[in-house]
>>> print(open('work.cif').read())   # mmCIF, C-alpha atoms
data_upload
#
loop_
_atom_site.label_atom_id
_atom_site.label_comp_id
_atom_site.auth_asym_id
_atom_site.auth_seq_id
_atom_site.Cartn_x
_atom_site.Cartn_y
_atom_site.Cartn_z
CA MET S 4 99.14 106.74 98.78
CA ARG S 5 100.73 109.37 101.03
CA ALA S 6 97.82 109.18 103.47
CA HIS S 7 98.16 105.38 103.59
CA ARG S 8 101.87 105.70 104.43
CA HIS S 9 101.20 108.20 107.17
CA ARG S 10 98.44 106.04 108.69
CA PHE S 11 100.73 103.01 108.79
CA ALA S 12 103.65 104.99 110.18
CA ALA S 13 101.42 106.21 112.99
CA ALA S 14 100.21 102.65 113.60
CA VAL S 15 103.81 101.43 113.88
CA LEU S 16 104.66 104.08 116.48
CA ILE S 17 101.48 103.40 118.46
CA THR S 18 102.22 99.66 118.44
CA ALA S 19 105.77 100.33 119.60
CA ALA S 20 104.49 102.38 122.51
CA ALA S 21 101.88 99.78 123.41
CA CYS S 22 104.47 97.00 123.39
CA GLY S 23 106.94 99.03 125.43
CA THR S 24 109.41 98.87 122.54
CA THR S 25 112.13 101.48 122.26
CA THR S 26 112.27 102.85 118.74
CA PRO S 27 115.56 103.64 116.98
CA ASP S 28 115.07 107.39 117.51
CA ALA S 29 115.31 106.85 121.26
CA GLN S 30 118.61 104.94 121.06
CA PRO S 31 122.09 106.45 121.41
CA PRO S 32 123.54 107.61 118.06
CA GLY S 33 124.70 104.77 115.89
CA ARG S 34 122.79 102.08 117.76
CA THR S 35 119.46 100.36 117.23
CA THR S 36 117.28 97.80 119.03
CA SER S 37 116.63 94.45 117.37
CA TYR S 38 113.29 92.61 117.59
CA ALA S 39 114.73 90.45 120.38
CA GLY S 40 115.53 93.54 122.45
CA VAL S 41 119.32 93.25 121.91
CA VAL S 42 121.12 96.52 121.21
CA ASP S 43 123.59 96.25 118.31
CA SER S 44 125.53 98.66 116.17
CA ALA S 45 123.47 100.17 113.39
CA LEU S 46 123.74 98.09 110.22
CA PRO S 47 123.39 99.02 106.56
CA ARG S 48 119.94 98.08 105.29
CA ASP S 49 121.23 95.29 103.01
CA GLU S 50 123.22 93.67 105.83
CA ALA S 51 120.31 93.95 108.28
CA LEU S 52 118.05 92.25 105.74
CA ARG S 53 120.65 89.54 105.01
CA ARG S 54 120.86 88.71 108.71
CA PHE S 55 117.08 88.73 109.09
CA ARG S 56 116.73 86.25 106.21
CA ALA S 57 119.41 83.89 107.52
CA GLY S 58 117.98 80.39 107.69
CA LEU S 59 114.73 81.37 105.94
CA ALA S 60 114.00 79.62 102.65
CA GLU S 61 113.09 82.15 99.96
CA PRO S 62 109.40 81.79 99.00
CA GLN S 63 108.56 82.46 95.38
CA GLN S 64 105.04 83.55 96.23
CA LEU S 65 102.64 83.74 99.16
CA ASP S 66 102.01 80.20 100.40
CA VAL S 67 99.05 77.99 99.60
CA ALA S 68 97.16 79.25 102.66
CA ALA S 69 96.67 82.54 100.80
CA PRO S 70 93.22 82.84 99.16
CA ARG S 71 92.88 83.99 95.55
CA SER S 72 90.81 87.11 96.25
CA ARG S 73 90.52 89.78 98.91
CA ASP S 74 86.89 88.84 99.54
CA ALA S 75 87.87 85.17 99.99
CA LEU S 76 90.58 86.18 102.48
CA VAL S 77 88.17 88.11 104.67
CA ARG S 78 85.56 85.35 104.50
CA ALA S 79 88.18 82.69 105.39
CA PHE S 80 89.13 84.84 108.38
CA VAL S 81 85.51 85.12 109.55
CA GLU S 82 84.87 81.39 109.13
CA ALA S 83 88.04 80.48 111.06
CA VAL S 84 87.11 82.77 113.95
CA GLU S 85 83.59 81.37 114.07
CA ALA S 86 85.04 77.84 114.08
CA GLY S 87 87.50 78.71 116.86
CA ASP S 88 90.43 77.80 114.58
CA SER S 89 93.30 80.06 115.65
CA ALA S 90 95.86 78.11 113.59
CA ARG S 91 93.87 78.82 110.43
CA VAL S 92 93.55 82.50 111.34
CA ARG S 93 97.31 82.84 111.86
CA ALA S 94 97.97 81.03 108.56
CA LEU S 95 96.17 83.89 106.80
CA ALA S 96 98.86 86.36 107.95
CA LEU S 97 102.40 86.74 106.60
CA THR S 98 105.02 84.30 107.78
CA ARG S 99 108.48 85.54 108.79
CA ALA S 100 109.90 84.27 105.48
CA GLU S 101 107.18 85.99 103.43
CA PHE S 102 107.76 89.18 105.38
CA GLY S 103 111.53 89.11 104.87
CA TRP S 104 111.63 88.10 101.23
CA LEU S 105 108.39 89.40 99.70
CA TYR S 106 107.07 92.27 101.83
CA TYR S 107 109.87 94.13 103.60
CA PRO S 108 112.07 94.98 100.56
CA THR S 109 109.48 97.37 99.11
CA THR S 110 107.38 98.47 102.09
CA THR S 111 107.59 102.20 102.72
CA GLN S 112 108.34 101.55 106.40
CA GLY S 113 111.70 100.01 105.49
CA LEU S 114 112.65 102.94 103.22
CA PRO S 115 113.45 106.61 103.91
CA PRO S 116 112.25 108.55 105.78
CA TYR S 117 111.07 105.73 108.12
CA ASP S 118 113.98 103.30 107.71
CA LEU S 119 112.69 100.72 110.19
CA SER S 120 114.96 97.68 110.25
CA PRO S 121 113.47 94.31 109.21
CA SER S 122 113.91 92.96 112.75
CA LEU S 123 112.12 95.87 114.40
CA LEU S 124 109.31 96.05 111.85
CA TRP S 125 108.76 92.28 112.10
CA PHE S 126 108.76 92.51 115.91
CA LEU S 127 106.02 95.14 115.76
CA THR S 128 104.05 93.36 113.02
CA ASP S 129 104.18 89.88 114.54
CA GLY S 130 103.57 91.29 118.01
CA GLY S 131 100.44 93.01 116.72
CA THR S 132 99.29 89.71 115.22
CA SER S 133 99.85 87.74 118.43
CA LYS S 134 98.07 90.30 120.57
CA GLY S 135 95.26 90.68 118.03
CA VAL S 136 94.61 86.94 117.78
CA ARG S 137 94.59 86.58 121.56
CA ARG S 138 92.08 89.41 121.97
CA LEU S 139 89.95 88.15 119.09
CA PHE S 140 89.68 84.60 120.40
CA GLU S 141 89.07 85.67 123.97
CA ASP S 142 86.15 87.77 122.77
CA ARG S 143 84.70 86.14 119.64
CA LYS S 144 85.79 82.56 118.97
CA GLY S 145 83.31 79.79 118.34
CA ARG S 146 80.21 81.90 117.77
CA PRO S 147 78.60 83.59 114.77
CA LEU S 148 79.97 87.05 114.05
CA GLY S 149 77.01 88.20 111.96
CA TYR S 150 79.32 88.99 109.04
CA ALA S 151 77.73 91.38 106.53
CA GLY S 152 80.72 92.54 104.48
CA TYR S 153 83.74 94.79 104.84
CA ARG S 154 85.29 97.93 103.42
CA CYS S 155 88.81 99.34 103.17
CA ASP S 156 89.51 103.06 103.51
CA GLY S 157 91.21 105.04 100.78
CA ALA S 158 93.06 103.91 97.67
CA SER S 159 95.40 100.94 97.54
CA SER S 160 99.15 101.45 97.81
CA HIS S 161 101.46 99.89 95.20
CA GLU S 162 104.84 98.80 96.58
CA GLY S 163 106.89 96.93 94.01
CA ALA S 164 105.04 93.71 93.15
CA ASN S 165 102.75 94.21 96.15
CA THR S 166 99.42 96.00 96.50
CA VAL S 167 98.37 96.96 100.02
CA TRP S 168 94.89 97.91 101.29
CA GLY S 169 93.83 99.33 104.60
CA PRO S 170 92.83 100.08 107.18
CA CYS S 171 89.73 97.95 106.71
CA VAL S 172 86.64 97.39 108.84
CA VAL S 173 84.20 94.48 108.99
CA ARG S 174 80.44 95.06 109.10
CA LEU S 175 78.71 92.89 111.71
CA VAL S 176 74.98 92.53 112.33
CA GLN S 177 74.44 92.49 116.10
CA ALA S 178 70.64 92.48 115.95
CA PRO S 179 67.93 93.48 113.46
CA ASP S 180 68.59 97.08 112.40
CA ASP S 181 71.81 97.11 114.43
CA THR S 182 74.96 96.87 112.28
CA VAL S 183 78.39 97.89 113.57
CA GLU S 184 81.80 98.25 111.93
CA GLU S 185 84.89 96.92 113.69
CA ARG S 186 88.57 96.72 112.81
CA LEU S 187 89.31 93.02 113.31
CA PHE S 188 92.57 92.81 111.32
CA GLY S 189 95.35 94.94 109.88
CA LEU S 190 96.47 95.72 106.34
CA ILE S 191 95.75 93.36 103.44
CA LEU S 192 98.51 92.41 100.98
CA GLU S 193 98.03 91.13 97.43
CA ARG S 194 100.91 89.69 95.45
CA GLU S 195 100.55 87.89 92.12
CA GLY S 196 96.92 86.97 92.71
CA ARG S 197 97.30 85.72 96.29
CA PHE S 198 96.11 87.58 99.39
CA LYS S 199 97.24 87.66 103.02
CA PHE S 200 96.99 89.93 106.03
CA VAL S 201 100.15 91.85 106.81
CA SER S 202 99.12 91.60 110.45
CA LEU S 203 96.10 90.67 112.54
CA ALA S 204 96.33 93.65 114.88
CA ASN S 205 92.83 94.86 115.75
CA LYS S 206 90.90 97.51 117.68
CA LEU S 207 89.09 95.22 120.13
#
>>> encode(input="work.cif", output="structure tokens")
Amino acid sequence: MRAHRHRFAAAVLITAAACGTTTPDAQPPGRTTSYAGVVDSALPRDEALRRFRAGLAEPQQLDVAAPRSRDALVRAFVEAVEAGDSARVRALALTRAEFGWLYYPTTTQGLPPYDLSPSLLWFLTDGGTSKGVRRLFEDRKGRPLGYAGYRCDGASSHEGANTVWGPCVVRLVQAPDDTVEERLFGLILEREGRFKFVSLANKL
């Protein structure tokens, strides 16, 4: 579990650098940057989360777009990419409401020692998804991927009612006797028998 936390913490910092985002450590004392780039006074975690959730209906579970198994999630992702259906691909990732109500409260990135605010962590997560989907569809949409399975590194991480897997790679057959592994999406979340991607950031 510790290795998983460290891998994700590193991914968050790398994403922040790639997006040109200033992390809280780089701000003047007592100030932090929100996901919209507005600098505000540092807020207690509960107040920051209350503001993030404002106007978001509380979901009781992951929505109906979430498949009932991890295998089904990955296969739905592959089929949507092959069909050129970006809306379906994005529906397989967490919504802002799911992030704020179901994922953020127990993710290690929102707790000490990381303490990322919900706005900043969502900015990084959703930004990774947007960039990942754009890259994926520029490079792969509408053609067979040669899907031959996938694997996720290490043990799962249990965070409250959530179980998180990753990083994961997809095996793709490029030609006879030529199989490659590529990271086409981010972490996978399971909650109460439903599965979604935390983000669709990739290594393309």
>>> atom_distance(input="work.cif", atom1="atom CA of Val201 of chain S", atom2="atom CA of Arg48 of chain S")
20.8 Å
>>> atom_distance(input="work.cif", atom1="atom CA of Lys199 of chain S", atom2="atom CA of Pro116 of chain S")
25.9 Å
>>> resolve_selection(input="work.cif", expression="the PyMOL selection byres ((chain S and resi 182) around 12)", output="list in words")
Leu148, Gly149, Tyr150, Ala151, Gly152, Tyr153, Val173, Arg174, Leu175, Val176, Gln177, Ala178, Pro179, Asp180, Asp181, Val183, Glu184 and Glu185 of chain S
>>> closest_residue(input="work.cif", among="S:Pro147, S:Pro115, S:Gly169, S:Gly163", to="Ala86 of chain S", atoms="only C-alpha atoms")
S:Pro147
>>> resolve_selection(input="work.cif", expression="the PyMOL selection byres ((chain S and resi 80) around 12)", output="JSON, numbers by chain")
{"S": [68, 69, 70, 73, 74, 75, 76, 77, 78, 79, 81, 82, 83, 84, 85, 86, 87, 88, 89, 90, 91, 92, 93, 94, 95, 96, 136, 139, 144, 148, 150, 153, 173, 187, 188, 189, 191, 198, 199, 200, 203]}
>>> resolve_selection(input="work.cif", expression="the PyMOL selection byres ((chain S and resi 155) around 6)", output="list in words")
Arg154, Asp156, Gly169, Pro170 and Cys171 of chain S
>>> atom_distance(input="work.cif", atom1="atom CA of Leu123 of chain S", atom2="atom CA of Arg71 of chain S")
29.4 Å
>>> residues_around(input="work.cif", residues="Arg186 of chain S", least_positions_apart="4", cutoff="6 Å", atoms="all atoms listed in the file", output="PDB file with C-alpha atoms, keeping the file's coordinate frame")
ATOM      1  CA  VAL S 172      86.640  97.390 108.840  1.00  0.00           C
ATOM      2  CA  ASN S 205      92.830  94.860 115.750  1.00  0.00           C
ATOM      3  CA  LYS S 206      90.900  97.510 117.680  1.00  0.00           C
TER       4      LYS S 206
END
>>> closest_residue(input="work.cif", among="S:Leu124, S:Leu65, S:Ala100, S:Leu114", to="Gly196 of chain S", atoms="all atoms listed in the file")
S:Leu65
>>> axis_aligned_box(input="work.cif", around="segment 122-133 of chain S", padding_each_side="5 Å", output="JSON")
{"center_x": 106.6, "center_y": 91.9, "center_z": 115.1, "size_x": 24.6, "size_y": 18.3, "size_z": 16.6}
>>> closest_residue(input="work.cif", among="S:Leu105, S:Ala158, S:Leu127, S:Leu207", to="Leu52 of chain S", atoms="all atoms listed in the file")
S:Leu105
>>> residues_around(input="work.cif", residues="Leu59 of chain S", least_positions_apart="3", cutoff="10 Å", atoms="all atoms listed in the file", output="short mmCIF file (atom, residue, chain, number, x, y, z; two decimals) with C-alpha atoms, in the frame of the given file")
data_model
loop_
_atom_site.label_atom_id
_atom_site.label_comp_id
_atom_site.auth_asym_id
_atom_site.auth_seq_id
_atom_site.Cartn_x
_atom_site.Cartn_y
_atom_site.Cartn_z
CA ARG S 54 120.86 88.71 108.71
CA PHE S 55 117.08 88.73 109.09
CA ARG S 56 116.73 86.25 106.21
CA PRO S 62 109.40 81.79 99.00
CA ARG S 99 108.48 85.54 108.79
CA ALA S 100 109.90 84.27 105.48
CA GLU S 101 107.18 85.99 103.43
CA GLY S 103 111.53 89.11 104.87
CA TRP S 104 111.63 88.10 101.23
#
